[in-house]
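These notes concern the structure reproduced below.
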Amino acid sequence: MLIGGVGYRWFGDASFGLVATDELAAMEWPAGVDVVDLGYGAILAAQDIAAAQPPYDRLILLAAVPRGRPAGRIYLGRWQGDRASSSELQERIREAAAGVIDLDHLLVIAAHFGALPDDVVTIELEPVDAGGGERLSGPAAELLPEVLEMVRREALSPGGGIAQRT
């Protein structure tokens, strides 16, 4: 299993996935659970996921993703693996190559290259403040302990609780 944070460092709530994986990486995990920073280009991150030996059978990704939902909340999901059109894929690859770090870019690009396992869980924060700064917003910081416990339960539960509920 791979637990990965996606986002930008030192950019307010946009850092949420990386802040969470920093905390998670400091915890004890059983063999076969890797916790990594995926806050870099989606193409390279997809290659790194694909190169894992043995291959990952589960992936939990954490990120702040503005989708117009109520801010300061956590949204759980199971990625359905929708394929992008060739023009959407090309646009995402262009943006990723230009340095845009985005959860959806990673998912679409990694899926295109066959790098994702069948079981992909997303834990998204709808950001309150993604305008910069070293700290998470108050609501995001308050949610962090709950999210860490959520990831721990998901990672250590047989079959994965989140993936089955969503």
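For the structure tokens, the naming scheme is as follows: chains receive sequential letters (A, B, ...) according to their order of presentation, residues are indexed from 1 within each chain, and ligands are indexed from 1 in presentation order.
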DSSP-assigned strand (DSSP E) members of range 39-114 of chain A, reported as a short mmCIF file (atom, residue, chain, number, x, y, z; two decimals) with N, CA and C atoms, in the first residue's frame:
```cif
data_model
loop_
_atom_site.label_atom_id
_atom_site.label_comp_id
_atom_site.auth_asym_id
_atom_site.auth_seq_id
_atom_site.Cartn_x
_atom_site.Cartn_y
_atom_site.Cartn_z
N ARG A 58 -3.03 -1.07 -3.20
CA ARG A 58 -3.90 -0.01 -2.69
C ARG A 58 -3.13 1.29 -2.67
N LEU A 59 -3.87 2.37 -2.86
CA LEU A 59 -3.27 3.70 -2.86
C LEU A 59 -4.23 4.64 -2.14
N ILE A 60 -3.70 5.38 -1.16
CA ILE A 60 -4.46 6.40 -0.46
C ILE A 60 -3.76 7.73 -0.75
N LEU A 61 -4.50 8.65 -1.35
CA LEU A 61 -3.93 9.95 -1.71
C LEU A 61 -4.62 11.05 -0.91
N LEU A 62 -3.82 11.95 -0.36
CA LEU A 62 -4.33 13.08 0.42
C LEU A 62 -3.95 14.37 -0.29
N ALA A 63 -4.91 15.28 -0.38
CA ALA A 63 -4.65 16.55 -1.06
C ALA A 63 -5.71 17.57 -0.70
N ALA A 64 -5.39 18.82 -0.88
CA ALA A 64 -6.38 19.89 -0.84
C ALA A 64 -6.80 20.14 -2.28
N ILE A 74 -13.55 17.63 5.00
CA ILE A 74 -12.85 16.52 4.38
C ILE A 74 -13.85 15.73 3.54
N TYR A 75 -13.41 15.34 2.36
CA TYR A 75 -14.25 14.57 1.44
C TYR A 75 -13.51 13.29 1.07
N LEU A 76 -14.16 12.17 1.31
CA LEU A 76 -13.59 10.86 1.03
C LEU A 76 -14.14 10.35 -0.28
N GLY A 77 -13.32 9.66 -1.00
CA GLY A 77 -13.80 9.10 -2.25
C GLY A 77 -12.99 7.90 -2.69
N ARG A 78 -13.55 7.21 -3.63
CA ARG A 78 -12.85 6.12 -4.29
C ARG A 78 -12.79 6.50 -5.75
#
```
I'd like the contact shell of Gly133 in chain A - 8 Å cut-off, only C-alpha atoms, skipping same-chain residues fewer than 3 positions apart - returned as an MDAnalysis selection string.
chainID A and resid 10:12 136
Report, in Å to a single decimal, how far apart CA of Ser87 in chain A and CA of Asp102 in chain A are.
17.3 Å
I need the helix (DSSP H, G or I) residues of chain A per DSSP on the backbone, written as a PDB file with N, CA and C atoms, in the first residue's frame.
```
ATOM      1  N   GLY A  12      -0.172  27.418   2.402  1.00  0.00           N
ATOM      2  CA  GLY A  12      -1.438  27.364   3.122  1.00  0.00           C
ATOM      3  C   GLY A  12      -2.076  25.995   3.052  1.00  0.00           C
ATOM      4  N   ASP A  13      -3.367  25.969   2.854  1.00  0.00           N
ATOM      5  CA  ASP A  13      -4.089  24.702   2.818  1.00  0.00           C
ATOM      6  C   ASP A  13      -3.702  23.816   1.640  1.00  0.00           C
ATOM      7  N   ALA A  14      -3.113  24.392   0.595  1.00  0.00           N
ATOM      8  CA  ALA A  14      -2.644  23.584  -0.533  1.00  0.00           C
ATOM      9  C   ALA A  14      -1.549  22.608  -0.103  1.00  0.00           C
ATOM     10  N   SER A  15      -1.009  22.812   1.103  1.00  0.00           N
ATOM     11  CA  SER A  15       0.016  21.925   1.673  1.00  0.00           C
ATOM     12  C   SER A  15      -0.582  20.759   2.453  1.00  0.00           C
ATOM     13  N   PHE A  16      -1.893  20.702   2.564  1.00  0.00           N
ATOM     14  CA  PHE A  16      -2.537  19.753   3.475  1.00  0.00           C
ATOM     15  C   PHE A  16      -2.073  18.305   3.271  1.00  0.00           C
ATOM     16  N   GLY A  17      -2.063  17.826   2.040  1.00  0.00           N
ATOM     17  CA  GLY A  17      -1.654  16.445   1.782  1.00  0.00           C
ATOM     18  C   GLY A  17      -0.229  16.173   2.219  1.00  0.00           C
ATOM     19  N   LEU A  18       0.658  17.146   2.019  1.00  0.00           N
ATOM     20  CA  LEU A  18       2.059  16.963   2.396  1.00  0.00           C
ATOM     21  C   LEU A  18       2.251  17.053   3.906  1.00  0.00           C
ATOM     22  N   VAL A  19       1.544  17.975   4.542  1.00  0.00           N
ATOM     23  CA  VAL A  19       1.611  18.084   6.000  1.00  0.00           C
ATOM     24  C   VAL A  19       1.118  16.767   6.625  1.00  0.00           C
ATOM     25  N   ALA A  20       0.030  16.241   6.089  1.00  0.00           N
ATOM     26  CA  ALA A  20      -0.515  14.979   6.609  1.00  0.00           C
ATOM     27  C   ALA A  20       0.470  13.832   6.421  1.00  0.00           C
ATOM     28  N   THR A  21       1.071  13.718   5.236  1.00  0.00           N
ATOM     29  CA  THR A  21       2.003  12.604   5.033  1.00  0.00           C
ATOM     30  C   THR A  21       3.293  12.791   5.821  1.00  0.00           C
ATOM     31  N   ASP A  22       3.699  14.024   6.100  1.00  0.00           N
ATOM     32  CA  ASP A  22       4.847  14.226   6.990  1.00  0.00           C
ATOM     33  C   ASP A  22       4.546  13.607   8.356  1.00  0.00           C
ATOM     34  N   GLU A  23       3.348  13.876   8.870  1.00  0.00           N
ATOM     35  CA  GLU A  23       2.946  13.322  10.172  1.00  0.00           C
ATOM     36  C   GLU A  23       2.817  11.798  10.096  1.00  0.00           C
ATOM     37  N   LEU A  24       2.212  11.313   9.030  1.00  0.00           N
ATOM     38  CA  LEU A  24       2.018   9.868   8.873  1.00  0.00           C
ATOM     39  C   LEU A  24       3.352   9.136   8.729  1.00  0.00           C
ATOM     40  N   ALA A  25       4.316   9.758   8.059  1.00  0.00           N
ATOM     41  CA  ALA A  25       5.627   9.123   7.862  1.00  0.00           C
ATOM     42  C   ALA A  25       6.365   8.930   9.185  1.00  0.00           C
ATOM     43  N   ALA A  42       3.405  15.045 -11.840  1.00  0.00           N
ATOM     44  CA  ALA A  42       2.547  13.876 -11.965  1.00  0.00           C
ATOM     45  C   ALA A  42       3.162  12.787 -12.839  1.00  0.00           C
ATOM     46  N   ILE A  43       3.929  13.166 -13.844  1.00  0.00           N
ATOM     47  CA  ILE A  43       4.532  12.155 -14.719  1.00  0.00           C
ATOM     48  C   ILE A  43       5.563  11.347 -13.945  1.00  0.00           C
ATOM     49  N   LEU A  44       6.444  12.021 -13.240  1.00  0.00           N
ATOM     50  CA  LEU A  44       7.454  11.317 -12.443  1.00  0.00           C
ATOM     51  C   LEU A  44       6.806  10.539 -11.304  1.00  0.00           C
ATOM     52  N   ALA A  45       5.808  11.119 -10.648  1.00  0.00           N
ATOM     53  CA  ALA A  45       5.116  10.410  -9.567  1.00  0.00           C
ATOM     54  C   ALA A  45       4.449   9.144 -10.106  1.00  0.00           C
ATOM     55  N   ALA A  46       3.830   9.230 -11.273  1.00  0.00           N
ATOM     56  CA  ALA A  46       3.207   8.044 -11.884  1.00  0.00           C
ATOM     57  C   ALA A  46       4.256   6.984 -12.183  1.00  0.00           C
ATOM     58  N   GLN A  47       5.410   7.411 -12.669  1.00  0.00           N
ATOM     59  CA  GLN A  47       6.494   6.458 -12.934  1.00  0.00           C
ATOM     60  C   GLN A  47       6.973   5.803 -11.647  1.00  0.00           C
ATOM     61  N   ASP A  48       7.078   6.588 -10.579  1.00  0.00           N
ATOM     62  CA  ASP A  48       7.509   6.029  -9.298  1.00  0.00           C
ATOM     63  C   ASP A  48       6.495   5.020  -8.763  1.00  0.00           C
ATOM     64  N   ILE A  49       5.221   5.327  -8.884  1.00  0.00           N
ATOM     65  CA  ILE A  49       4.184   4.386  -8.447  1.00  0.00           C
ATOM     66  C   ILE A  49       4.262   3.110  -9.275  1.00  0.00           C
ATOM     67  N   ALA A  50       4.404   3.240 -10.576  1.00  0.00           N
ATOM     68  CA  ALA A  50       4.457   2.078 -11.467  1.00  0.00           C
ATOM     69  C   ALA A  50       5.685   1.212 -11.229  1.00  0.00           C
ATOM     70  N   ALA A  51       6.781   1.817 -10.786  1.00  0.00           N
ATOM     71  CA  ALA A  51       8.036   1.086 -10.615  1.00  0.00           C
ATOM     72  C   ALA A  51       8.115   0.298  -9.313  1.00  0.00           C
ATOM     73  N   SER A  86      -8.171  12.303 -25.190  1.00  0.00           N
ATOM     74  CA  SER A  86      -6.766  12.544 -25.541  1.00  0.00           C
ATOM     75  C   SER A  86      -6.407  14.023 -25.382  1.00  0.00           C
ATOM     76  N   SER A  87      -7.353  14.930 -25.675  1.00  0.00           N
ATOM     77  CA  SER A  87      -7.036  16.356 -25.506  1.00  0.00           C
ATOM     78  C   SER A  87      -6.917  16.717 -24.024  1.00  0.00           C
ATOM     79  N   GLU A  88      -7.781  16.153 -23.163  1.00  0.00           N
ATOM     80  CA  GLU A  88      -7.662  16.423 -21.726  1.00  0.00           C
ATOM     81  C   GLU A  88      -6.352  15.853 -21.189  1.00  0.00           C
ATOM     82  N   LEU A  89      -6.016  14.643 -21.597  1.00  0.00           N
ATOM     83  CA  LEU A  89      -4.763  14.033 -21.157  1.00  0.00           C
ATOM     84  C   LEU A  89      -3.573  14.894 -21.565  1.00  0.00           C
ATOM     85  N   GLN A  90      -3.558  15.361 -22.817  1.00  0.00           N
ATOM     86  CA  GLN A  90      -2.455  16.199 -23.289  1.00  0.00           C
ATOM     87  C   GLN A  90      -2.351  17.486 -22.486  1.00  0.00           C
ATOM     88  N   GLU A  91      -3.490  18.115 -22.170  1.00  0.00           N
ATOM     89  CA  GLU A  91      -3.483  19.344 -21.384  1.00  0.00           C
ATOM     90  C   GLU A  91      -2.941  19.082 -19.980  1.00  0.00           C
ATOM     91  N   ARG A  92      -3.354  17.984 -19.387  1.00  0.00           N
ATOM     92  CA  ARG A  92      -2.865  17.645 -18.044  1.00  0.00           C
ATOM     93  C   ARG A  92      -1.360  17.357 -18.071  1.00  0.00           C
ATOM     94  N   ILE A  93      -0.898  16.672 -19.085  1.00  0.00           N
ATOM     95  CA  ILE A  93       0.539  16.392 -19.215  1.00  0.00           C
ATOM     96  C   ILE A  93       1.306  17.696 -19.398  1.00  0.00           C
ATOM     97  N   ARG A  94       0.782  18.607 -20.226  1.00  0.00           N
ATOM     98  CA  ARG A  94       1.434  19.913 -20.427  1.00  0.00           C
ATOM     99  C   ARG A  94       1.543  20.672 -19.102  1.00  0.00           C
ATOM    100  N   GLU A  95       0.433  20.727 -18.359  1.00  0.00           N
ATOM    101  CA  GLU A  95       0.453  21.449 -17.084  1.00  0.00           C
ATOM    102  C   GLU A  95       1.387  20.784 -16.084  1.00  0.00           C
ATOM    103  N   ALA A  96       1.361  19.454 -16.028  1.00  0.00           N
ATOM    104  CA  ALA A  96       2.250  18.744 -15.105  1.00  0.00           C
ATOM    105  C   ALA A  96       3.714  19.017 -15.465  1.00  0.00           C
ATOM    106  N   ALA A  97       4.022  19.024 -16.752  1.00  0.00           N
ATOM    107  CA  ALA A  97       5.400  19.287 -17.188  1.00  0.00           C
ATOM    108  C   ALA A  97       5.810  20.725 -16.871  1.00  0.00           C
ATOM    109  N   LEU A 103      -3.910  16.824  -7.836  1.00  0.00           N
ATOM    110  CA  LEU A 103      -4.345  15.447  -7.607  1.00  0.00           C
ATOM    111  C   LEU A 103      -4.959  14.839  -8.857  1.00  0.00           C
ATOM    112  N   ASP A 104      -5.831  15.578  -9.523  1.00  0.00           N
ATOM    113  CA  ASP A 104      -6.477  15.034 -10.723  1.00  0.00           C
ATOM    114  C   ASP A 104      -5.473  14.784 -11.843  1.00  0.00           C
ATOM    115  N   HIS A 105      -4.476  15.651 -11.964  1.00  0.00           N
ATOM    116  CA  HIS A 105      -3.421  15.390 -12.956  1.00  0.00           C
ATOM    117  C   HIS A 105      -2.752  14.053 -12.659  1.00  0.00           C
ATOM    118  N   LEU A 106      -2.396  13.840 -11.407  1.00  0.00           N
ATOM    119  CA  LEU A 106      -1.728  12.592 -11.035  1.00  0.00           C
ATOM    120  C   LEU A 106      -2.611  11.396 -11.352  1.00  0.00           C
ATOM    121  N   LEU A 107      -3.867  11.449 -10.972  1.00  0.00           N
ATOM    122  CA  LEU A 107      -4.764  10.317 -11.204  1.00  0.00           C
ATOM    123  C   LEU A 107      -4.944  10.018 -12.691  1.00  0.00           C
ATOM    124  N   VAL A 108      -5.207  11.043 -13.472  1.00  0.00           N
ATOM    125  CA  VAL A 108      -5.452  10.842 -14.904  1.00  0.00           C
ATOM    126  C   VAL A 108      -4.194  10.348 -15.615  1.00  0.00           C
ATOM    127  N   ILE A 109      -3.068  10.971 -15.322  1.00  0.00           N
ATOM    128  CA  ILE A 109      -1.817  10.582 -15.985  1.00  0.00           C
ATOM    129  C   ILE A 109      -1.386   9.183 -15.555  1.00  0.00           C
ATOM    130  N   ALA A 110      -1.438   8.909 -14.253  1.00  0.00           N
ATOM    131  CA  ALA A 110      -1.044   7.581 -13.765  1.00  0.00           C
ATOM    132  C   ALA A 110      -1.971   6.501 -14.322  1.00  0.00           C
ATOM    133  N   ALA A 111      -3.263   6.786 -14.417  1.00  0.00           N
ATOM    134  CA  ALA A 111      -4.198   5.811 -14.988  1.00  0.00           C
ATOM    135  C   ALA A 111      -3.865   5.552 -16.448  1.00  0.00           C
ATOM    136  N   HIS A 112      -3.562   6.602 -17.182  1.00  0.00           N
ATOM    137  CA  HIS A 112      -3.236   6.450 -18.602  1.00  0.00           C
ATOM    138  C   HIS A 112      -2.047   5.509 -18.805  1.00  0.00           C
ATOM    139  N   GLY A 138      -6.928  27.551  10.218  1.00  0.00           N
ATOM    140  CA  GLY A 138      -7.426  26.979  11.471  1.00  0.00           C
ATOM    141  C   GLY A 138      -8.283  25.745  11.254  1.00  0.00           C
ATOM    142  N   PRO A 139      -9.290  25.792  10.356  1.00  0.00           N
ATOM    143  CA  PRO A 139     -10.122  24.606  10.138  1.00  0.00           C
ATOM    144  C   PRO A 139      -9.319  23.401   9.624  1.00  0.00           C
ATOM    145  N   ALA A 140      -8.370  23.645   8.727  1.00  0.00           N
ATOM    146  CA  ALA A 140      -7.566  22.538   8.200  1.00  0.00           C
ATOM    147  C   ALA A 140      -6.693  21.929   9.299  1.00  0.00           C
ATOM    148  N   ALA A 141      -6.082  22.777  10.108  1.00  0.00           N
ATOM    149  CA  ALA A 141      -5.241  22.288  11.205  1.00  0.00           C
ATOM    150  C   ALA A 141      -6.064  21.485  12.208  1.00  0.00           C
ATOM    151  N   GLU A 142      -7.285  21.930  12.472  1.00  0.00           N
ATOM    152  CA  GLU A 142      -8.151  21.204  13.402  1.00  0.00           C
ATOM    153  C   GLU A 142      -8.553  19.835  12.858  1.00  0.00           C
ATOM    154  N   LEU A 143      -8.669  19.702  11.543  1.00  0.00           N
ATOM    155  CA  LEU A 143      -9.058  18.426  10.926  1.00  0.00           C
ATOM    156  C   LEU A 143      -7.899  17.433  10.834  1.00  0.00           C
ATOM    157  N   LEU A 144      -6.679  17.916  10.916  1.00  0.00           N
ATOM    158  CA  LEU A 144      -5.516  17.063  10.687  1.00  0.00           C
ATOM    159  C   LEU A 144      -5.487  15.817  11.576  1.00  0.00           C
ATOM    160  N   PRO A 145      -5.664  15.902  12.903  1.00  0.00           N
ATOM    161  CA  PRO A 145      -5.623  14.674  13.714  1.00  0.00           C
ATOM    162  C   PRO A 145      -6.689  13.653  13.306  1.00  0.00           C
ATOM    163  N   GLU A 146      -7.869  14.133  12.966  1.00  0.00           N
ATOM    164  CA  GLU A 146      -8.943  13.236  12.514  1.00  0.00           C
ATOM    165  C   GLU A 146      -8.553  12.537  11.213  1.00  0.00           C
ATOM    166  N   VAL A 147      -7.941  13.279  10.310  1.00  0.00           N
ATOM    167  CA  VAL A 147      -7.532  12.715   9.026  1.00  0.00           C
ATOM    168  C   VAL A 147      -6.424  11.682   9.230  1.00  0.00           C
ATOM    169  N   LEU A 148      -5.482  11.967  10.108  1.00  0.00           N
ATOM    170  CA  LEU A 148      -4.410  11.004  10.375  1.00  0.00           C
ATOM    171  C   LEU A 148      -4.994   9.695  10.888  1.00  0.00           C
ATOM    172  N   GLU A 149      -5.938   9.780  11.796  1.00  0.00           N
ATOM    173  CA  GLU A 149      -6.584   8.571  12.324  1.00  0.00           C
ATOM    174  C   GLU A 149      -7.386   7.863  11.237  1.00  0.00           C
ATOM    175  N   MET A 150      -8.041   8.623  10.398  1.00  0.00           N
ATOM    176  CA  MET A 150      -8.809   8.065   9.289  1.00  0.00           C
ATOM    177  C   MET A 150      -7.898   7.266   8.353  1.00  0.00           C
ATOM    178  N   VAL A 151      -6.759   7.841   8.018  1.00  0.00           N
ATOM    179  CA  VAL A 151      -5.810   7.156   7.131  1.00  0.00           C
ATOM    180  C   VAL A 151      -5.278   5.907   7.813  1.00  0.00           C
ATOM    181  N   ARG A 152      -4.945   6.017   9.084  1.00  0.00           N
ATOM    182  CA  ARG A 152      -4.424   4.857   9.805  1.00  0.00           C
ATOM    183  C   ARG A 152      -5.441   3.712   9.813  1.00  0.00           C
ATOM    184  N   ARG A 153      -6.703   4.035  10.111  1.00  0.00           N
ATOM    185  CA  ARG A 153      -7.754   3.000  10.088  1.00  0.00           C
ATOM    186  C   ARG A 153      -7.890   2.402   8.695  1.00  0.00           C
ATOM    187  N   GLU A 154      -7.904   3.259   7.692  1.00  0.00           N
ATOM    188  CA  GLU A 154      -8.052   2.779   6.317  1.00  0.00           C
ATOM    189  C   GLU A 154      -6.889   1.867   5.928  1.00  0.00           C
ATOM    190  N   ALA A 155      -5.684   2.270   6.269  1.00  0.00           N
ATOM    191  CA  ALA A 155      -4.505   1.511   5.889  1.00  0.00           C
ATOM    192  C   ALA A 155      -4.416   0.177   6.614  1.00  0.00           C
ATOM    193  N   LEU A 156      -4.874   0.140   7.851  1.00  0.00           N
ATOM    194  CA  LEU A 156      -4.691  -1.079   8.637  1.00  0.00           C
ATOM    195  C   LEU A 156      -5.926  -1.981   8.652  1.00  0.00           C
ATOM    196  N   GLY A 161     -11.820   0.357   4.830  1.00  0.00           N
ATOM    197  CA  GLY A 161     -13.138   0.859   5.194  1.00  0.00           C
ATOM    198  C   GLY A 161     -13.649   1.971   4.308  1.00  0.00           C
ATOM    199  N   ILE A 162     -12.817   2.954   3.986  1.00  0.00           N
ATOM    200  CA  ILE A 162     -13.258   4.095   3.182  1.00  0.00           C
ATOM    201  C   ILE A 162     -13.675   3.625   1.804  1.00  0.00           C
ATOM    202  N   ALA A 163     -12.856   2.818   1.190  1.00  0.00           N
ATOM    203  CA  ALA A 163     -13.115   2.382  -0.179  1.00  0.00           C
ATOM    204  C   ALA A 163     -14.441   1.631  -0.276  1.00  0.00           C
ATOM    205  N   GLN A 164     -14.840   0.952   0.779  1.00  0.00           N
ATOM    206  CA  GLN A 164     -16.085   0.204   0.740  1.00  0.00           C
ATOM    207  C   GLN A 164     -17.290   1.078   1.026  1.00  0.00           C
ATOM    208  N   ARG A 165     -17.118   2.204   1.711  1.00  0.00           N
ATOM    209  CA  ARG A 165     -18.236   3.077   2.083  1.00  0.00           C
ATOM    210  C   ARG A 165     -18.566   4.087   1.008  1.00  0.00           C
TER     211      ARG A 165
END
```
What separates CA of Gly7 in chain A and CA of Gly39 in chain A is a distance of 4.9 Å
Pick from A:Leu116, A:Met1, A:Ala26, A:Val65, whichever lies nearest to Ile101 in chain A using only C-alpha atoms
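Smallest separation from Ile101 in chain A among the options: A:Val65.
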Calculated over only C-alpha atoms, which of the candidates A:Ala84, A:Ala98, A:Val128, A:Val121 has the smallest distance to Leu2 in chain A?
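Under the stated criterion, the closest residue is A:Val121.
A straight line drawn from CA of Tyr40 in chain A to CA of Arg9 in chain A is 10.1 Å long.
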Of the candidates A:Tyr8, A:Gln80, A:Asp57, A:Glu126, which shows the shortest atom-to-atom distance to Gly32 in chain A, using only C-alpha atoms?
A:Asp57
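Nearest to Ile3 in chain A of all the residues A:Asp118, A:Ile123, A:Pro54, A:Gly72 is A:Ile123, counting only C-alpha atoms.
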